[in-house]
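Content type compact mmCIF, C-alpha atoms, from the file data-v5.txt:
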# COMPACT_ATOMS: atom_id res chain seq x y z
CA MET A 1 0.00 0.00 0.00
CA TRP A 2 1.26 3.47 -0.94
CA ILE A 3 0.78 6.12 1.76
CA LYS A 4 1.00 9.89 1.23
CA ILE A 5 0.61 12.36 4.09
CA CYS A 6 -0.40 15.72 2.71
CA GLY A 7 -0.60 19.30 3.89
CA ILE A 8 2.88 19.51 5.43
CA ARG A 9 3.71 23.18 6.06
CA ASP A 10 6.91 23.26 8.12
CA VAL A 11 10.15 21.40 8.74
CA GLN A 12 9.21 20.30 12.26
CA THR A 13 6.03 18.60 11.04
CA ALA A 14 7.84 17.10 8.06
CA THR A 15 10.50 15.61 10.33
CA ALA A 16 7.86 14.11 12.64
CA VAL A 17 5.93 12.68 9.68
CA CYS A 18 9.12 11.14 8.24
CA GLU A 19 9.45 9.09 11.42
CA LEU A 20 6.19 7.36 10.39
CA CYS A 21 7.90 6.21 7.17
CA PRO A 22 5.26 7.26 4.63
CA ASP A 23 5.94 6.65 0.96
CA ALA A 24 5.26 10.29 0.17
CA ILE A 25 4.71 13.72 1.66
CA GLY A 26 2.40 16.20 -0.05
CA LEU A 27 3.24 19.87 -0.39
CA ASN A 28 0.25 21.99 -1.36
CA PHE A 29 1.08 24.94 -3.63
CA TYR A 30 -2.51 26.22 -3.98
CA ALA A 31 -2.22 29.61 -2.23
CA PRO A 32 -5.90 29.95 -1.13
CA SER A 33 -5.66 26.69 0.84
CA VAL A 34 -5.00 26.88 4.56
CA ARG A 35 -2.53 24.03 3.94
CA SER A 36 -0.56 25.86 1.26
CA VAL A 37 3.20 26.22 1.44
CA SER A 38 5.45 28.84 -0.12
CA ARG A 39 8.26 27.88 -2.46
CA ASP A 40 10.81 28.93 0.20
CA ASP A 41 9.16 26.81 2.89
CA ALA A 42 8.84 23.90 0.44
CA THR A 43 12.57 24.17 -0.28
CA ARG A 44 13.40 23.98 3.44
CA ILE A 45 11.01 21.04 3.90
CA ALA A 46 12.47 19.22 0.88
CA LYS A 47 15.95 19.48 2.37
CA ALA A 48 14.70 17.91 5.61
CA ILE A 49 12.99 14.94 3.93
CA PRO A 50 15.08 11.86 3.11
CA GLU A 51 15.31 11.11 -0.63
CA THR A 52 13.59 7.79 0.07
CA ILE A 53 10.34 9.69 0.73
CA GLU A 54 8.63 10.98 -2.39
CA ARG A 55 7.78 14.69 -2.40
CA VAL A 56 4.45 15.33 -4.14
CA GLY A 57 3.51 18.84 -5.22
CA VAL A 58 -0.25 19.45 -5.18
CA PHE A 59 -1.38 21.98 -7.78
CA VAL A 60 -4.68 23.63 -8.70
CA ASN A 61 -4.72 25.22 -12.16
CA HIS A 62 -1.05 26.24 -11.97
CA PRO A 63 0.92 27.30 -15.05
CA ALA A 64 3.08 24.53 -16.50
CA ASP A 65 6.28 26.56 -16.11
CA GLU A 66 5.79 26.95 -12.32
CA ILE A 67 5.25 23.22 -11.92
CA GLU A 68 8.23 22.42 -14.15
CA ARG A 69 10.52 24.74 -12.16
CA LEU A 70 9.70 23.00 -8.86
CA VAL A 71 10.56 19.62 -10.42
CA VAL A 72 13.72 20.85 -12.13
CA ASP A 73 14.91 22.48 -8.90
CA GLY A 74 14.43 19.17 -7.06
CA ILE A 75 11.83 20.49 -4.62
CA ILE A 76 9.26 17.90 -5.69
CA HIS A 77 9.45 14.53 -7.44
CA THR A 78 5.81 14.01 -8.35
CA VAL A 79 3.02 16.27 -9.61
CA GLN A 80 -0.58 15.92 -8.40
CA LEU A 81 -3.12 17.93 -10.40
CA HIS A 82 -6.15 18.77 -8.32
CA GLY A 83 -7.85 21.51 -10.32
CA ASP A 84 -9.90 22.01 -13.46
CA GLU A 85 -7.01 21.27 -15.82
CA THR A 86 -8.16 20.24 -19.28
CA PRO A 87 -6.60 17.30 -21.11
CA ASP A 88 -4.75 19.80 -23.36
CA GLN A 89 -3.33 21.65 -20.34
CA ILE A 90 -2.31 18.36 -18.74
CA ALA A 91 -0.60 17.27 -21.97
CA THR A 92 1.40 20.52 -21.91
CA ILE A 93 2.42 19.90 -18.30
CA ARG A 94 3.38 16.28 -19.09
CA GLN A 95 5.54 17.42 -22.02
CA ARG A 96 7.41 19.88 -19.79
CA LEU A 97 8.19 17.33 -17.08
CA ALA A 98 11.27 15.16 -17.20
CA ASN A 99 10.76 11.52 -18.12
CA GLY A 100 10.15 9.56 -14.97
CA THR A 101 8.30 12.37 -13.20
CA ARG A 102 5.16 10.79 -11.85
CA LEU A 103 1.84 12.49 -12.60
CA LEU A 104 -1.21 11.98 -10.39
CA ARG A 105 -4.77 13.15 -11.10
CA ALA A 106 -7.35 14.09 -8.50
CA TRP A 107 -11.02 14.22 -9.48
CA ARG A 108 -13.76 15.86 -7.43
CA MET A 109 -17.26 14.44 -7.51
CA ASP A 110 -20.46 14.59 -5.50
CA GLY A 111 -22.24 11.35 -6.12
CA GLU A 112 -22.48 11.38 -9.90
CA SER A 113 -21.19 8.47 -11.94
CA LEU A 114 -17.58 8.14 -12.99
CA ASP A 115 -18.49 8.61 -16.67
CA ASP A 116 -17.08 12.17 -16.83
CA PHE A 117 -13.85 11.05 -15.19
CA SER A 118 -13.59 8.07 -17.52
CA LYS A 119 -13.99 10.38 -20.53
CA HIS A 120 -11.40 12.80 -19.08
CA LEU A 121 -8.90 9.96 -18.67
CA ALA A 122 -9.58 8.72 -22.21
CA ASP A 123 -9.07 12.25 -23.57
CA CYS A 124 -5.78 12.50 -21.67
CA ARG A 125 -4.65 9.11 -23.00
CA SER A 126 -5.44 10.23 -26.55
CA LEU A 127 -2.94 13.07 -26.00
CA GLY A 128 -0.28 10.68 -24.71
CA VAL A 129 -0.85 11.33 -21.00
CA GLU A 130 -0.82 8.36 -18.64
CA PHE A 131 -1.22 8.96 -14.92
CA SER A 132 0.74 7.04 -12.32
CA GLY A 133 -2.30 7.18 -10.07
CA CYS A 134 -5.67 8.82 -9.57
CA LEU A 135 -7.69 9.76 -6.53
CA ILE A 136 -11.33 10.63 -6.04
CA ASP A 137 -12.20 13.49 -3.69
CA SER A 138 -15.53 14.92 -2.61
CA ARG A 139 -16.73 18.00 -4.48
CA VAL A 140 -17.22 20.79 -1.97
CA ARG A 141 -18.53 24.10 -3.27
CA GLY A 142 -15.78 26.73 -3.17
CA SER A 143 -13.04 24.18 -2.44
CA TYR A 144 -10.57 22.20 -4.51
CA GLY A 145 -10.33 19.35 -2.06
CA GLY A 146 -8.99 18.43 1.30
CA ALA A 147 -12.02 19.98 3.01
CA GLY A 148 -12.77 16.83 5.00
CA ASP A 149 -16.40 16.95 3.90
CA THR A 150 -18.33 14.07 2.43
CA PRO A 151 -21.33 14.52 0.15
CA ALA A 152 -24.78 13.80 1.51
CA PRO A 153 -25.83 10.24 0.72
CA GLN A 154 -28.10 9.78 -2.28
CA ARG A 155 -31.56 8.77 -1.16
CA SER A 156 -33.91 6.71 -3.20
CA VAL A 157 -37.61 7.44 -3.10
CA SER A 158 -39.89 4.54 -2.41
CA SER A 159 -43.52 4.43 -3.42
CA GLY A 160 -44.31 2.62 -0.21
CA ARG A 161 -45.48 -0.42 -2.10
CA GLY A 162 -43.71 -3.50 -1.30
Written as C-alpha cells, how would this file's structure read?
Amino acid sequence: MWIKICGIRDVQTATAVCELCPDAIGLNFYAPSVRSVSRDDATRIAKAIPETIERVGVFVNHPADEIERLVVDGIIHTVQLHGDETPDQIATIRQRLANGTRLLRAWRMDGESLDDFSKHLADCRSLGVEFSGCLIDSRVRGSYGGAGDTPAPQRSVSSGRG
C-alpha cells in the first residue's frame, strides 16, 4: 500500500511525519488553501525529507512553467493535479516534465457516476498522458479538495409499495 501524508507546512512537522515512514509527503502549492506552502518553505522542507520519501507537489490550475521549475529544482518529485485542468493543459504539463516524473490526477465528484472522469482519462490518454495514479475526492462548493467533507448520501424514493 502506498501512503502519502499531505498538507505539510513546516520542517518540524515534516520531520515528525518522516518518522512514520510514509511513501510520500504532499506539499500543497494552492495559495488559497489553509494548507498551502510557499516555495521557500517547500525548499526547506524538501531538504529535511530523506530522498527515500517521495515529495508530491499538489497543484490547482497552476501554469506549466511553475510546476516544471519545482521539479527541475528538485523540490518535488511528483506532480498531483487537483484543479480544473483540461486534457490539453495536462498534456502541456506532461511534455514539460522530465521523463520519470510521476503524474497523479485528482477528481472531485459529489455522487455522480464516474463517466465524466472516464472520458477525461480517455481524452488525456489520446494526447499521450498516462497517470501514475488517480484519486477521487468529494466535491465541496468553493473548495478544490482536502475539506474533509463528504457529500450527503443519495436517497432513493420509495412508493411505499412493497
Quick one: 6 Å padding each side, axis-aligned, all listed atoms of segment 116-122 of chain A - centre and edge lengths in Å to one decimal, as AutoDock Vina command-line options?
--center_x -13.0 --center_y 10.4 --center_z -18.7 --size_x 20.2 --size_y 16.7 --size_z 19.0
Discussion item. One decimal, in Å: what's the spacing between atom CA of Arg39 of chain A and atom CA of Ala91 of chain A?
Written reply: 23.9 Å
Fill in: Best match for closeness to Ile8 of chain A among A:Gly57, A:Pro32, A:Gly83, A:Gly100, counting only C-alpha atoms
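Counting only C-alpha atoms, the residue closest to Ile8 of chain A is A:Gly57.
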Discussion item. One number please: atom CA of Gly111 of chain A to atom CA of Leu27 of chain A, in Å, one decimal.
Written reply: 27.5 Å
Practice prompt. Go through A:Val60, A:Asp88, A:Trp2, A:Val37 and flag the residue nearest Gly133 of chain A, using all atoms listed in the file for the distances.
Written response: A:Trp2
Discussion item. List as an MDAnalysis selection string the protein and nucleic acid residues near Arg96 of chain A, meaning an atom at most 8 Å away when all atoms listed in the file are counted, but skip any in the same chain fewer than 5 places from it.
Written reply: chainID A and resid 64:65 68
Fill in: Protein, DNA and RNA residues within 12 Å of (6.3, 22.4, 7.2), all atoms listed in the file, as a ChimeraX atom specification
/A:5-18,25-28,35-49
Worksheet entry | Point-to-point distance from atom CA of Phe59 of chain A to atom CA of Ala31 of chain A, Å rounded to tenths |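 Pair atom CA of Phe59 of chain A / atom CA of Ala31 of chain A returns 9.5 Å.
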Worksheet item: Looking at A:Val56, A:Val72, A:Val34, A:Ile90, which one is nearest to His120 of chain A, with distances taken over only C-alpha atoms?
Response: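 Residue with the minimum atom-to-atom distance to His120 of chain A: A:Ile90.
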Worksheet item: Using only C-alpha atoms, which of A:Leu103, A:Pro87, A:Asp115, A:Pro50 sits nearest Ile67 of chain A?
Response: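 Among the listed residues, the smallest separation from Ile67 of chain A belongs to A:Leu103.
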Item to complete: Give the answer as one residue: which of A:Thr86, A:Asn99, A:Leu70, A:Thr92 has the shortest atom-to-atom distance to Leu121 of chain A, using only C-alpha atoms?
Response: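 Among A:Thr86, A:Asn99, A:Leu70, A:Thr92, it is A:Thr86 that comes nearest to Leu121 of chain A.
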Practice prompt. Give the answer as one residue: which of A:Gln95, A:Thr52, A:Gln80, A:Ser33 has the shortest atom-to-atom distance to Leu135 of chain A, using all atoms listed in the file?
Written response: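 Answer, going by the shortest atom-to-atom distance: A:Gln80.
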